[in-house]
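coords_9.cif (mmCIF, C-alpha atoms) appears below.
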```cif
data_upload
#
loop_
_atom_site.label_atom_id
_atom_site.label_comp_id
_atom_site.auth_asym_id
_atom_site.auth_seq_id
_atom_site.Cartn_x
_atom_site.Cartn_y
_atom_site.Cartn_z
CA MET X 1 -2.57 40.46 -19.68
CA ILE X 2 -5.05 37.60 -19.47
CA SER X 3 -8.31 38.46 -21.23
CA GLN X 4 -11.70 38.40 -19.55
CA ARG X 5 -12.65 35.52 -21.84
CA GLN X 6 -9.71 33.44 -20.61
CA LEU X 7 -10.41 34.33 -16.98
CA PHE X 8 -14.00 33.21 -17.57
CA LEU X 9 -12.84 29.85 -18.90
CA ASN X 10 -10.18 29.42 -16.21
CA HIS X 11 -12.09 30.39 -13.09
CA VAL X 12 -15.87 30.53 -13.66
CA ALA X 13 -17.43 27.08 -13.27
CA GLN X 14 -18.58 25.90 -16.68
CA THR X 15 -21.88 24.11 -17.32
CA SER X 16 -21.13 23.02 -20.90
CA ASP X 17 -18.24 22.73 -23.33
CA PHE X 18 -19.82 25.32 -25.60
CA PRO X 19 -20.79 28.52 -23.71
CA LEU X 20 -21.94 31.39 -25.92
CA MET X 21 -18.93 33.46 -24.80
CA LEU X 22 -20.55 36.80 -25.61
CA GLU X 23 -18.77 39.49 -23.61
CA ILE X 24 -21.50 42.01 -22.83
CA GLU X 25 -20.56 45.41 -21.46
CA ARG X 26 -23.98 46.98 -21.03
CA ALA X 27 -27.68 46.33 -21.59
CA GLU X 28 -30.68 48.57 -22.08
CA GLY X 29 -34.26 47.78 -23.02
CA ILE X 30 -34.23 44.80 -25.38
CA THR X 31 -30.60 45.30 -26.44
CA LEU X 32 -27.26 43.97 -25.24
CA TYR X 33 -23.97 45.58 -26.31
CA ASP X 34 -20.60 43.83 -26.49
CA LYS X 35 -17.09 45.28 -26.03
CA GLN X 36 -16.94 46.39 -29.66
CA GLY X 37 -20.29 48.16 -29.36
CA LYS X 38 -22.14 45.57 -31.42
CA ALA X 39 -25.84 45.44 -30.53
CA TYR X 40 -27.78 42.22 -29.98
CA ILE X 41 -31.57 42.03 -29.76
CA ASP X 42 -32.39 39.86 -26.74
CA LEU X 43 -35.32 37.64 -27.73
CA ILE X 44 -35.12 35.42 -24.65
CA SER X 45 -35.07 38.01 -21.82
CA GLY X 46 -32.14 36.32 -20.09
CA ILE X 47 -34.33 33.16 -20.07
CA GLY X 48 -37.59 34.68 -18.89
CA VAL X 49 -36.15 37.30 -16.54
CA SER X 50 -36.15 40.73 -18.18
CA ASN X 51 -39.87 41.10 -18.90
CA VAL X 52 -39.68 44.87 -18.34
CA GLY X 53 -36.43 45.11 -20.30
CA HIS X 54 -32.83 45.37 -19.19
CA CYS X 55 -32.01 48.13 -16.70
CA HIS X 56 -35.48 49.62 -16.68
CA PRO X 57 -35.02 53.11 -15.20
CA ARG X 58 -37.60 52.56 -12.46
CA VAL X 59 -36.03 49.28 -11.42
CA VAL X 60 -32.55 50.81 -11.38
CA GLU X 61 -33.81 53.76 -9.35
CA ALA X 62 -35.41 51.41 -6.81
CA VAL X 63 -32.21 49.37 -6.52
CA VAL X 64 -30.00 52.42 -5.99
CA LYS X 65 -32.37 53.98 -3.48
CA GLN X 66 -32.72 50.81 -1.42
CA ALA X 67 -29.00 49.97 -1.56
CA SER X 68 -28.22 53.38 -0.08
CA THR X 69 -30.87 52.92 2.65
CA TYR X 70 -30.08 49.41 3.92
CA MET X 71 -29.25 46.01 2.52
CA HIS X 72 -29.17 42.80 4.53
CA LEU X 73 -30.27 43.32 8.13
CA MET X 74 -31.40 39.96 9.49
CA VAL X 75 -32.47 36.50 8.37
CA TYR X 76 -35.88 36.37 6.71
CA GLY X 77 -38.99 36.82 8.80
CA GLU X 78 -37.60 38.49 11.93
CA PHE X 79 -37.48 42.23 11.18
CA VAL X 80 -40.25 44.30 9.59
CA GLN X 81 -38.63 45.44 6.36
CA THR X 82 -40.57 47.86 4.18
CA PRO X 83 -39.44 46.47 0.79
CA GLN X 84 -40.63 42.98 1.78
CA THR X 85 -43.96 44.05 3.21
CA GLN X 86 -44.78 46.36 0.30
CA LEU X 87 -43.88 43.69 -2.22
CA ALA X 88 -45.90 41.00 -0.44
CA LYS X 89 -48.94 43.28 -0.39
CA ALA X 90 -48.54 44.21 -4.06
CA LEU X 91 -48.20 40.54 -5.06
CA THR X 92 -51.32 39.50 -3.18
CA ASP X 93 -53.22 42.40 -4.77
CA THR X 94 -52.69 40.70 -8.14
CA LEU X 95 -54.02 37.37 -6.84
CA PRO X 96 -57.28 35.83 -5.62
CA ASP X 97 -58.11 36.43 -1.96
CA THR X 98 -57.05 32.93 -0.89
CA LEU X 99 -53.48 33.51 -2.07
CA ASN X 100 -52.72 36.07 0.60
CA ASN X 101 -49.47 34.94 2.24
CA VAL X 102 -46.05 35.31 0.61
CA TYR X 103 -42.79 33.62 1.56
CA LEU X 104 -39.91 35.37 -0.22
CA VAL X 105 -36.82 33.43 -1.25
CA ASN X 106 -33.91 33.90 -3.66
CA SER X 107 -34.80 31.88 -6.75
CA GLY X 108 -37.27 29.61 -8.48
CA SER X 109 -35.58 26.43 -7.29
CA GLU X 110 -35.75 27.66 -3.69
CA ALA X 111 -39.41 28.52 -4.11
CA ILE X 112 -40.12 24.99 -5.35
CA GLU X 113 -38.24 23.52 -2.38
CA GLY X 114 -40.31 25.61 0.03
CA ALA X 115 -43.57 24.73 -1.70
CA LEU X 116 -42.83 20.99 -1.56
CA LYS X 117 -42.00 21.17 2.14
CA LEU X 118 -45.11 23.21 2.85
CA ALA X 119 -47.38 20.78 0.99
CA LYS X 120 -46.03 17.79 2.92
CA ARG X 121 -46.23 19.60 6.24
CA TYR X 122 -49.78 20.87 5.72
CA THR X 123 -51.31 17.64 4.39
CA GLY X 124 -49.27 15.16 6.41
CA ARG X 125 -48.80 13.22 3.17
CA ARG X 126 -45.54 12.25 1.48
CA GLU X 127 -46.21 11.72 -2.22
CA ILE X 128 -46.05 14.32 -4.99
CA ILE X 129 -47.36 14.18 -8.53
CA SER X 130 -45.42 16.09 -11.16
CA PHE X 131 -45.29 15.89 -14.94
CA LYS X 132 -43.21 14.39 -17.69
CA ASN X 133 -40.99 16.96 -19.44
CA ALA X 134 -41.50 19.41 -16.57
CA TYR X 135 -38.73 21.71 -15.38
CA HIS X 136 -38.76 23.16 -11.87
CA GLY X 137 -35.09 23.84 -11.16
CA SER X 138 -31.80 22.09 -10.47
CA SER X 139 -31.60 21.66 -6.69
CA HIS X 140 -32.19 18.15 -5.34
CA GLY X 141 -35.89 18.51 -4.56
CA ALA X 142 -36.66 20.54 -7.67
CA LEU X 143 -34.75 18.05 -9.81
CA SER X 144 -36.72 15.20 -8.23
CA VAL X 145 -39.99 16.61 -9.55
CA GLY X 146 -38.50 17.51 -12.92
CA GLY X 147 -39.57 15.49 -15.91
CA SER X 148 -36.38 14.62 -17.81
CA GLU X 149 -34.43 11.50 -16.92
CA VAL X 150 -31.50 12.84 -18.96
CA PHE X 151 -30.93 15.53 -16.35
CA LYS X 152 -31.79 13.33 -13.36
CA ARG X 153 -30.05 9.99 -13.80
CA ALA X 154 -26.55 11.15 -12.85
CA PHE X 155 -27.78 12.52 -9.50
CA ARG X 156 -29.90 9.68 -8.17
CA PRO X 157 -31.07 8.76 -5.59
CA LEU X 158 -33.43 11.72 -5.50
CA LEU X 159 -36.58 12.32 -3.41
CA PRO X 160 -38.80 9.26 -3.01
CA GLY X 161 -42.56 9.34 -3.49
CA ILE X 162 -42.62 11.21 -6.82
CA ARG X 163 -45.14 10.07 -9.43
CA GLN X 164 -45.12 11.51 -12.94
CA ILE X 165 -48.01 11.78 -15.37
CA GLU X 166 -48.48 13.23 -18.85
CA PHE X 167 -49.33 16.93 -19.08
CA GLY X 168 -52.68 17.58 -20.76
CA ASN X 169 -53.90 13.99 -20.49
CA ILE X 170 -57.18 14.05 -18.55
CA GLU X 171 -57.29 10.27 -18.10
CA GLU X 172 -54.00 10.29 -16.18
CA LEU X 173 -55.48 12.65 -13.59
CA GLN X 174 -57.00 9.51 -12.07
CA ALA X 175 -53.64 9.09 -10.33
CA ILE X 176 -54.61 11.89 -7.92
CA ASN X 177 -55.84 10.35 -4.67
CA GLU X 178 -55.76 10.69 -0.87
CA ASP X 179 -52.09 9.65 -0.70
CA ILE X 180 -50.91 12.66 -2.70
CA ALA X 181 -49.77 15.77 -0.83
CA ALA X 182 -49.65 17.97 -3.93
CA VAL X 183 -49.78 18.11 -7.67
CA LEU X 184 -47.03 20.40 -8.98
CA VAL X 185 -47.54 21.64 -12.52
CA GLU X 186 -46.27 24.42 -14.76
CA THR X 187 -49.28 26.40 -15.92
CA VAL X 188 -47.52 26.48 -19.29
CA GLN X 189 -44.78 23.90 -19.73
CA GLY X 190 -41.70 25.95 -20.57
CA GLU X 191 -38.66 23.76 -21.15
CA ALA X 192 -40.87 21.18 -22.87
CA GLY X 193 -41.16 23.73 -25.67
CA VAL X 194 -44.20 25.81 -24.66
CA ARG X 195 -46.81 23.10 -24.19
CA VAL X 196 -50.30 24.36 -23.38
CA ALA X 197 -53.32 22.54 -21.94
CA ASP X 198 -56.91 23.79 -22.25
CA SER X 199 -59.33 25.10 -19.65
CA ALA X 200 -61.22 21.81 -19.46
CA TYR X 201 -58.03 20.04 -18.42
CA PHE X 202 -57.16 22.54 -15.72
CA LYS X 203 -60.71 22.55 -14.36
CA GLU X 204 -60.63 18.76 -14.11
CA LEU X 205 -57.23 18.93 -12.43
CA ARG X 206 -58.56 21.47 -9.95
CA GLN X 207 -61.59 19.29 -9.22
CA LYS X 208 -59.53 16.12 -8.69
CA CYS X 209 -57.27 17.91 -6.24
CA HIS X 210 -60.25 19.34 -4.36
CA GLN X 211 -61.95 15.95 -4.10
CA SER X 212 -58.86 14.21 -2.70
CA GLY X 213 -57.65 16.99 -0.42
CA THR X 214 -54.54 17.35 -2.56
CA LEU X 215 -52.89 20.76 -2.87
CA LEU X 216 -52.62 22.16 -6.38
CA ILE X 217 -49.31 24.01 -6.84
CA LEU X 218 -48.86 26.05 -10.00
CA ASP X 219 -45.32 26.81 -11.12
CA GLU X 220 -45.41 30.26 -12.74
CA ILE X 221 -41.66 30.83 -12.54
CA GLN X 222 -41.36 31.22 -16.30
CA CYS X 223 -44.91 31.95 -17.42
CA GLY X 224 -45.87 34.49 -14.74
CA PHE X 225 -45.37 38.24 -14.41
CA GLY X 226 -47.12 39.05 -17.69
CA ARG X 227 -45.38 36.65 -20.05
CA THR X 228 -48.61 35.14 -21.41
CA GLY X 229 -50.64 38.37 -21.60
CA LYS X 230 -52.21 37.91 -18.16
CA PHE X 231 -50.30 38.84 -15.04
CA TRP X 232 -50.51 35.18 -13.99
CA ALA X 233 -50.98 32.45 -16.59
CA PHE X 234 -53.63 30.62 -14.52
CA GLU X 235 -55.97 33.57 -15.16
CA HIS X 236 -56.48 32.13 -18.66
CA TYR X 237 -58.04 28.98 -17.21
CA GLU X 238 -60.53 30.21 -14.59
CA ILE X 239 -59.02 28.19 -11.75
CA ILE X 240 -57.39 29.12 -8.44
CA PRO X 241 -54.46 27.08 -7.12
CA ASP X 242 -53.82 26.32 -3.46
CA MET X 243 -50.26 27.48 -3.86
CA MET X 244 -48.25 29.30 -6.51
CA VAL X 245 -44.54 29.69 -7.19
CA SER X 246 -42.89 32.69 -8.85
CA ALA X 247 -39.36 33.89 -9.70
CA LYS X 248 -37.43 34.90 -12.88
CA ALA X 249 -39.19 38.07 -14.17
CA MET X 250 -40.37 38.79 -10.64
CA GLY X 251 -37.09 40.56 -9.85
CA GLY X 252 -36.85 42.86 -12.85
CA GLY X 253 -33.29 41.55 -13.24
CA MET X 254 -32.52 40.95 -9.57
CA PRO X 255 -32.58 37.51 -7.87
CA ILE X 256 -35.81 36.75 -6.02
CA GLY X 257 -38.52 34.12 -5.80
CA ALA X 258 -41.63 33.34 -3.78
CA PHE X 259 -44.06 30.63 -2.85
CA ILE X 260 -47.53 31.93 -2.11
CA ALA X 261 -50.47 30.29 -0.34
CA SER X 262 -53.25 31.09 2.10
CA GLU X 263 -52.41 32.21 5.61
CA GLU X 264 -53.93 28.97 6.91
CA ILE X 265 -51.63 26.79 4.82
CA MET X 266 -48.52 28.91 5.37
CA SER X 267 -49.05 29.02 9.15
CA VAL X 268 -47.93 25.41 9.62
CA LEU X 269 -44.31 26.54 9.10
CA LYS X 270 -44.47 28.35 12.47
CA ASN X 271 -44.52 25.30 14.72
CA ASN X 272 -43.67 21.62 15.03
CA PRO X 273 -40.94 22.58 14.29
CA VAL X 274 -40.66 26.30 14.84
CA LEU X 275 -38.90 27.97 11.88
CA GLY X 276 -40.15 25.25 9.53
CA HIS X 277 -38.50 27.00 6.60
CA ILE X 278 -35.49 29.31 6.89
CA THR X 279 -33.60 31.52 4.47
CA THR X 280 -30.85 34.03 5.20
CA PHE X 281 -31.10 36.19 2.10
CA GLY X 282 -34.68 35.45 1.03
CA GLY X 283 -36.57 38.64 0.23
CA HIS X 284 -33.34 40.64 0.18
CA PRO X 285 -34.35 44.31 0.53
CA VAL X 286 -32.69 45.40 -2.73
CA SER X 287 -34.25 42.52 -4.69
CA ALA X 288 -37.63 43.16 -3.08
CA ALA X 289 -37.47 46.84 -4.04
CA ALA X 290 -36.55 45.89 -7.61
CA SER X 291 -39.41 43.39 -7.74
CA LEU X 292 -41.96 45.93 -6.58
CA ALA X 293 -40.74 48.38 -9.21
CA ALA X 294 -40.97 45.72 -11.95
CA LEU X 295 -44.48 44.77 -10.86
CA ASN X 296 -45.58 48.41 -10.95
CA VAL X 297 -43.99 48.96 -14.38
CA ILE X 298 -46.02 46.09 -15.83
CA ILE X 299 -49.24 47.53 -14.39
CA ASP X 300 -48.58 51.26 -14.87
CA GLN X 301 -47.32 50.89 -18.44
CA ASP X 302 -50.08 48.40 -19.30
CA LEU X 303 -47.58 45.96 -20.76
CA LEU X 304 -50.16 43.16 -20.84
CA SER X 305 -52.61 44.73 -23.27
CA ASP X 306 -50.65 44.16 -26.49
CA VAL X 307 -48.83 40.91 -25.66
CA GLU X 308 -51.09 38.85 -27.92
CA GLU X 309 -50.82 41.38 -30.73
CA LYS X 310 -47.04 41.25 -30.56
CA ALA X 311 -47.07 37.44 -30.48
CA ASN X 312 -49.27 37.39 -33.58
CA LEU X 313 -46.84 39.72 -35.33
CA PHE X 314 -44.01 37.26 -34.67
CA LYS X 315 -46.14 34.46 -36.11
CA GLU X 316 -46.97 36.52 -39.19
CA GLN X 317 -43.37 37.56 -39.82
CA LEU X 318 -41.59 34.25 -39.18
CA ILE X 319 -42.34 32.53 -42.47
CA HIS X 320 -39.95 29.98 -43.95
CA PRO X 321 -40.34 26.43 -45.29
CA ALA X 322 -37.91 25.20 -42.62
CA ILE X 323 -40.29 26.31 -39.84
CA LYS X 324 -42.55 23.38 -38.99
CA SER X 325 -44.70 24.93 -36.24
CA ILE X 326 -45.08 27.87 -33.89
CA ARG X 327 -46.53 27.28 -30.43
CA ASN X 328 -47.23 30.07 -28.00
CA LYS X 329 -49.06 31.40 -25.01
CA GLY X 330 -48.63 35.13 -25.36
CA LEU X 331 -44.96 36.05 -25.77
CA MET X 332 -43.84 32.63 -24.57
CA MET X 333 -43.11 31.06 -27.96
CA ALA X 334 -41.51 27.96 -29.51
CA VAL X 335 -40.62 27.93 -33.21
CA GLY X 336 -40.30 24.30 -34.29
CA PHE X 337 -37.79 22.86 -36.77
CA GLU X 338 -37.10 19.36 -38.05
CA SER X 339 -34.18 18.68 -35.73
CA PHE X 340 -31.55 20.16 -33.42
CA GLU X 341 -29.01 19.68 -36.19
CA ILE X 342 -31.01 22.13 -38.31
CA LEU X 343 -31.83 24.53 -35.47
CA LYS X 344 -28.42 24.96 -33.83
CA PRO X 345 -26.67 26.55 -36.84
CA ILE X 346 -29.66 28.90 -37.23
CA ILE X 347 -29.34 30.04 -33.62
CA ASP X 348 -25.60 30.58 -34.07
CA ARG X 349 -26.10 32.50 -37.31
CA ALA X 350 -28.81 34.67 -35.76
CA ILE X 351 -26.40 35.62 -32.98
CA ASP X 352 -23.79 36.53 -35.61
CA LEU X 353 -26.43 38.76 -37.21
CA GLY X 354 -27.41 40.37 -33.90
CA VAL X 355 -30.35 38.40 -32.48
CA ILE X 356 -30.09 36.16 -29.41
CA THR X 357 -32.38 33.14 -29.27
CA ASP X 358 -32.00 29.69 -27.75
CA TRP X 359 -33.53 26.22 -27.63
CA PHE X 360 -35.34 24.43 -24.77
CA LEU X 361 -33.87 21.94 -22.31
CA HIS X 362 -36.44 19.26 -23.12
CA CYS X 363 -37.18 20.29 -26.71
CA ASP X 364 -33.97 20.98 -28.58
CA LYS X 365 -35.61 21.27 -32.00
CA ALA X 366 -37.60 24.40 -31.13
CA MET X 367 -36.31 27.97 -30.98
CA ARG X 368 -37.17 29.90 -27.83
CA ILE X 369 -38.67 33.36 -28.35
CA ALA X 370 -39.60 35.28 -25.21
CA PRO X 371 -38.58 38.93 -25.64
CA PRO X 372 -39.00 41.67 -23.08
CA LEU X 373 -42.66 42.71 -23.07
CA ILE X 374 -41.58 46.25 -23.98
CA ILE X 375 -40.44 45.17 -27.46
CA SER X 376 -41.88 47.44 -30.16
CA THR X 377 -43.46 46.42 -33.46
CA ASP X 378 -40.49 47.87 -35.36
CA GLU X 379 -38.12 45.80 -33.23
CA ILE X 380 -40.20 42.69 -33.89
CA HIS X 381 -39.98 43.33 -37.64
CA GLN X 382 -36.21 43.78 -37.39
CA ALA X 383 -35.73 40.65 -35.29
CA CYS X 384 -37.88 38.51 -37.57
CA GLN X 385 -36.01 39.71 -40.67
CA ILE X 386 -32.74 38.63 -39.05
CA ILE X 387 -34.10 35.23 -38.01
CA ASN X 388 -35.52 34.63 -41.48
CA GLN X 389 -32.14 35.58 -42.95
CA ALA X 390 -30.39 33.20 -40.55
CA ILE X 391 -32.72 30.38 -41.60
CA THR X 392 -32.10 31.12 -45.27
CA ASP X 393 -28.34 31.22 -44.75
CA CYS X 394 -28.36 27.85 -43.00
CA CYS X 395 -31.03 26.04 -44.98
#
```

How does the structure come out when it is put into structure tokens?
Amino acid sequence: MISQRQLFLNHVAQTSDFPLMLEIERAEGITLYDKQGKAYIDLISGIGVSNVGHCHPRVVEAVVKQASTYMHLMVYGEFVQTPQTQLAKALTDTLPDTLNNVYLVNSGSEAIEGALKLAKRYTGRREIISFKNAYHGSSHGALSVGGSEVFKRAFRPLLPGIRQIEFGNIEELQAINEDIAAVLVETVQGEAGVRVADSAYFKELRQKCHQSGTLLILDEIQCGFGRTGKFWAFEHYEIIPDMMVSAKAMGGGMPIGAFIASEEIMSVLKNNPVLGHITTFGGHPVSAAASLAALNVIIDQDLLSDVEEKANLFKEQLIHPAIKSIRNKGLMMAVGFESFEILKPIIDRAIDLGVITDWFLHCDKAMRIAPPLIISTDEIHQACQIINQAITDCC
């Protein structure tokens, strides 16, 4: 009989010549279990998804209940569906009053696509500013505003009218003018290796956009839903965007995304043309129910209050001469090494020892650490001991 591994290689489209090939049978909390029952501590949350842990009981309960009530009924926006309306209300309750209108989609890339269309439609402008080393997804529009030529060059031509500036450089904000429909920026640059700007930078960015009538779109796909210790990362910087994009951890493990704006901005999708943005499965009832459960878990279990404490514990425990730096915003962390050639064997060895980490698309010499927010101090100690051992074994 052909094994599942061989079926995977034969019939599942591959995105690299070196997939991890872990065959996971079940997952719970911060732990994945393979066919032999071996446990792996998941320190990357399925790449920013499982903030409340794998198979959180309240999320599972919400999924089962909704799946037995109804699933897909109609394309998005036509029927009043309780999971969608309750989720939209709960999301806006976490946000400033001006961010009061939610368009639900299926993923982060789709949310970016919708946000770009909305910005152009609302402003009547055609140019977008994004940032070097940014990552916003892999669809054509999202790739166009991404910041790595390595990932873009094979797929050109992409969208015209994209300008790119350096994240955190106040002088380059002078590029924002009356020709720009929107500035799209990750509140914390994720795939660049957790790059953080200060409040002064974001306040200047907000002011430049306001002065020129440019929409400020914050991408919180990876840094939102509690990852940084605030529900939304922009809360650290005392600014309010015109539009915000969410996905990943939003679904509690189910696929969902959203772009969020004011009712005034969002209303332009209703006419000229009618149905200015369409999605069949956006805001799927089961995903929406899961998302609402995940949101409530974060709030009810107060998962934000000790994020910084847990991040500090990682920084205290990860001590080795081979570690060159540790950057973080809450539990969104990058552990820097001299090179990818040093880091890759460490990642592989850590997996052998039972800890799953990764590197970043645009920063392959830094180890990604972004565990479920429910991780305990004992589990942090255990994970750090294994990573330190992996470093020692390889260095």

What separates CA of Ala27 in chain X and CA of Ser45 in chain X is a distance of 11.1 Å

For the structure shown, which residues end up in the PyMOL selection byres ((chain X and resi 322-331) around 9)? Put them as a ChimeraX atom specification, please? /X:188,193-196,223,226-230,233,307-312,315,318-321,332-338,342,366,369-373,391-392,395

Please identify every residue of range 111-137 of chain X that has at least one atom no farther than 10 Å from an atom of range 141-158 of chain X, counting all atoms listed in the file, and for each give the shortest atom pair and the distance in Å to one decimal, arranged by chain then increasing number, as a tab-separated table.
```
residue	atom	partner	partner_atom	distance
X:Ala111	CA	X:Ala142	CA	9.2
X:Ile112	CA	X:Ala142	CA	6.1
X:Glu113	CA	X:Gly141	CA	5.9
X:Gly114	CA	X:Gly141	CA	9.5
X:Leu116	CA	X:Gly141	CA	8.0
X:Lys117	CA	X:Gly141	CA	9.4
X:Ile128	CA	X:Val145	CA	7.9
X:Ile129	CA	X:Val145	CA	7.8
X:Ser130	CA	X:Val145	CA	5.7
X:Phe131	CA	X:Gly147	CA	5.8
X:Lys132	CA	X:Gly147	CA	4.2
X:Asn133	CA	X:Gly147	CA	4.1
X:Ala134	CA	X:Gly147	CA	4.4
X:Tyr135	CA	X:Gly146	CA	4.9
X:His136	CA	X:Ala142	CA	5.4
X:Gly137	CA	X:Ala142	CA	5.1
```

Selection result of the PyMOL selection byres ((chain X and resi 278) around 12) on this file, as a count of residues only: 26

What do you get, as an mmCIF file with C-alpha atoms, in the frame of the given file, if you spell out every residue that the PyMOL selection byres ((chain X and resi 198) around 12) selects here?
```cif
data_model
loop_
_atom_site.group_PDB
_atom_site.id
_atom_site.type_symbol
_atom_site.label_atom_id
_atom_site.label_comp_id
_atom_site.auth_asym_id
_atom_site.auth_seq_id
_atom_site.Cartn_x
_atom_site.Cartn_y
_atom_site.Cartn_z
ATOM 1 C CA PHE X 167 -49.330 16.930 -19.080
ATOM 2 C CA GLY X 168 -52.680 17.580 -20.760
ATOM 3 C CA ASN X 169 -53.900 13.990 -20.490
ATOM 4 C CA ILE X 170 -57.180 14.050 -18.550
ATOM 5 C CA THR X 187 -49.280 26.400 -15.920
ATOM 6 C CA VAL X 188 -47.520 26.480 -19.290
ATOM 7 C CA ARG X 195 -46.810 23.100 -24.190
ATOM 8 C CA VAL X 196 -50.300 24.360 -23.380
ATOM 9 C CA ALA X 197 -53.320 22.540 -21.940
ATOM 10 C CA SER X 199 -59.330 25.100 -19.650
ATOM 11 C CA ALA X 200 -61.220 21.810 -19.460
ATOM 12 C CA TYR X 201 -58.030 20.040 -18.420
ATOM 13 C CA PHE X 202 -57.160 22.540 -15.720
ATOM 14 C CA LYS X 203 -60.710 22.550 -14.360
ATOM 15 C CA GLU X 204 -60.630 18.760 -14.110
ATOM 16 C CA LEU X 205 -57.230 18.930 -12.430
ATOM 17 C CA ALA X 233 -50.980 32.450 -16.590
ATOM 18 C CA PHE X 234 -53.630 30.620 -14.520
ATOM 19 C CA HIS X 236 -56.480 32.130 -18.660
ATOM 20 C CA TYR X 237 -58.040 28.980 -17.210
ATOM 21 C CA GLU X 238 -60.530 30.210 -14.590
ATOM 22 C CA ILE X 239 -59.020 28.190 -11.750
ATOM 23 C CA LYS X 329 -49.060 31.400 -25.010
#
```

Name the residues in contact with range 6-9 of chain X at a cut-off of 12 Å, using only C-alpha atoms, excluding same-chain residues fewer than 3 positions from it; report them as a PDB file with C-alpha atoms, in the coordinates of the input.
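Okay, out.pdb is ready:
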```
ATOM      1  CA  MET X   1      -2.570  40.460 -19.680  1.00  0.00           C
ATOM      2  CA  ILE X   2      -5.050  37.600 -19.470  1.00  0.00           C
ATOM      3  CA  SER X   3      -8.310  38.460 -21.230  1.00  0.00           C
ATOM      4  CA  VAL X  12     -15.870  30.530 -13.660  1.00  0.00           C
ATOM      5  CA  ALA X  13     -17.430  27.080 -13.270  1.00  0.00           C
ATOM      6  CA  GLN X  14     -18.580  25.900 -16.680  1.00  0.00           C
ATOM      7  CA  THR X  15     -21.880  24.110 -17.320  1.00  0.00           C
ATOM      8  CA  SER X  16     -21.130  23.020 -20.900  1.00  0.00           C
ATOM      9  CA  ASP X  17     -18.240  22.730 -23.330  1.00  0.00           C
ATOM     10  CA  PHE X  18     -19.820  25.320 -25.600  1.00  0.00           C
ATOM     11  CA  PRO X  19     -20.790  28.520 -23.710  1.00  0.00           C
ATOM     12  CA  LEU X  20     -21.940  31.390 -25.920  1.00  0.00           C
ATOM     13  CA  MET X  21     -18.930  33.460 -24.800  1.00  0.00           C
ATOM     14  CA  LEU X  22     -20.550  36.800 -25.610  1.00  0.00           C
ATOM     15  CA  GLU X  23     -18.770  39.490 -23.610  1.00  0.00           C
TER      16      GLU X  23
END
```

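In this structure, CA of Ala383 in chain X sits 9.4 Å away from CA of Gln317 in chain X.
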
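Compared by their closest atoms to Ile347 in chain X, and using all atoms listed in the file, the residues X:Ile217, X:Leu99, X:Leu43, X:Ile374 rank with X:Leu43 nearest.
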
When you draw a straight line from CA of Ala39 in chain X to CA of Ala290 in chain X, how long is it in Å? 25.3 Å

Check the smallest atom-to-atom distance from each of X:Thr31, X:Gly213, X:Val355, X:Asn51 to Leu304 in chain X using all atoms listed in the file, then report the winner.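 Closest candidate: X:Asn51.
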
12 Å contact set for Ser212 in chain X, only C-alpha atoms, chain neighbours under 6 positions out, as a PyMOL selection string: chain X and resi 123+125+173-183+205-206

List every protein, DNA or RNA residue that has an atom no more than 12 Å from (-43.9, 49.3, -12.4) in the file's coordinate frame, counting only C-alpha atoms, and report them as an MDAnalysis selection string. chainID X and resid 51:53 56:62 87 90 225:226 250:252 289:303

X:Arg349, X:His284, X:Gly253, X:Glu316: which is nearest His381 in chain X, counting only C-alpha atoms?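 With only C-alpha atoms as the atom set, the closest residue is X:Glu316.
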
Could you check which of X:Leu118, X:Arg26, X:Met254, X:Thr85 is closest to Tyr40 in chain X, using all atoms listed in the file? X:Arg26

Range 44-51 of chain X rebuilt with N, CA and C atoms, output as a compact mmCIF listing (two decimals), keeping the file's coordinate frame:
```txt
# COMPACT_ATOMS: atom_id res chain seq x y z
N ILE X 44 -34.81 36.43 -25.67
CA ILE X 44 -35.12 35.42 -24.65
C ILE X 44 -35.13 36.01 -23.23
N SER X 45 -34.94 37.32 -23.12
CA SER X 45 -35.07 38.01 -21.82
C SER X 45 -34.21 37.38 -20.73
N GLY X 46 -32.98 36.98 -21.10
CA GLY X 46 -32.14 36.32 -20.09
C GLY X 46 -32.77 35.06 -19.55
N ILE X 47 -33.50 34.33 -20.40
CA ILE X 47 -34.33 33.16 -20.07
C ILE X 47 -35.45 33.56 -19.10
N GLY X 48 -36.35 34.39 -19.61
CA GLY X 48 -37.59 34.68 -18.89
C GLY X 48 -37.47 35.67 -17.76
N VAL X 49 -36.37 36.42 -17.69
CA VAL X 49 -36.15 37.30 -16.54
C VAL X 49 -36.53 38.75 -16.84
N SER X 50 -36.07 39.28 -17.94
CA SER X 50 -36.15 40.73 -18.18
C SER X 50 -37.45 41.13 -18.89
N ASN X 51 -38.58 40.79 -18.29
CA ASN X 51 -39.87 41.10 -18.90
C ASN X 51 -40.08 42.59 -19.10
```
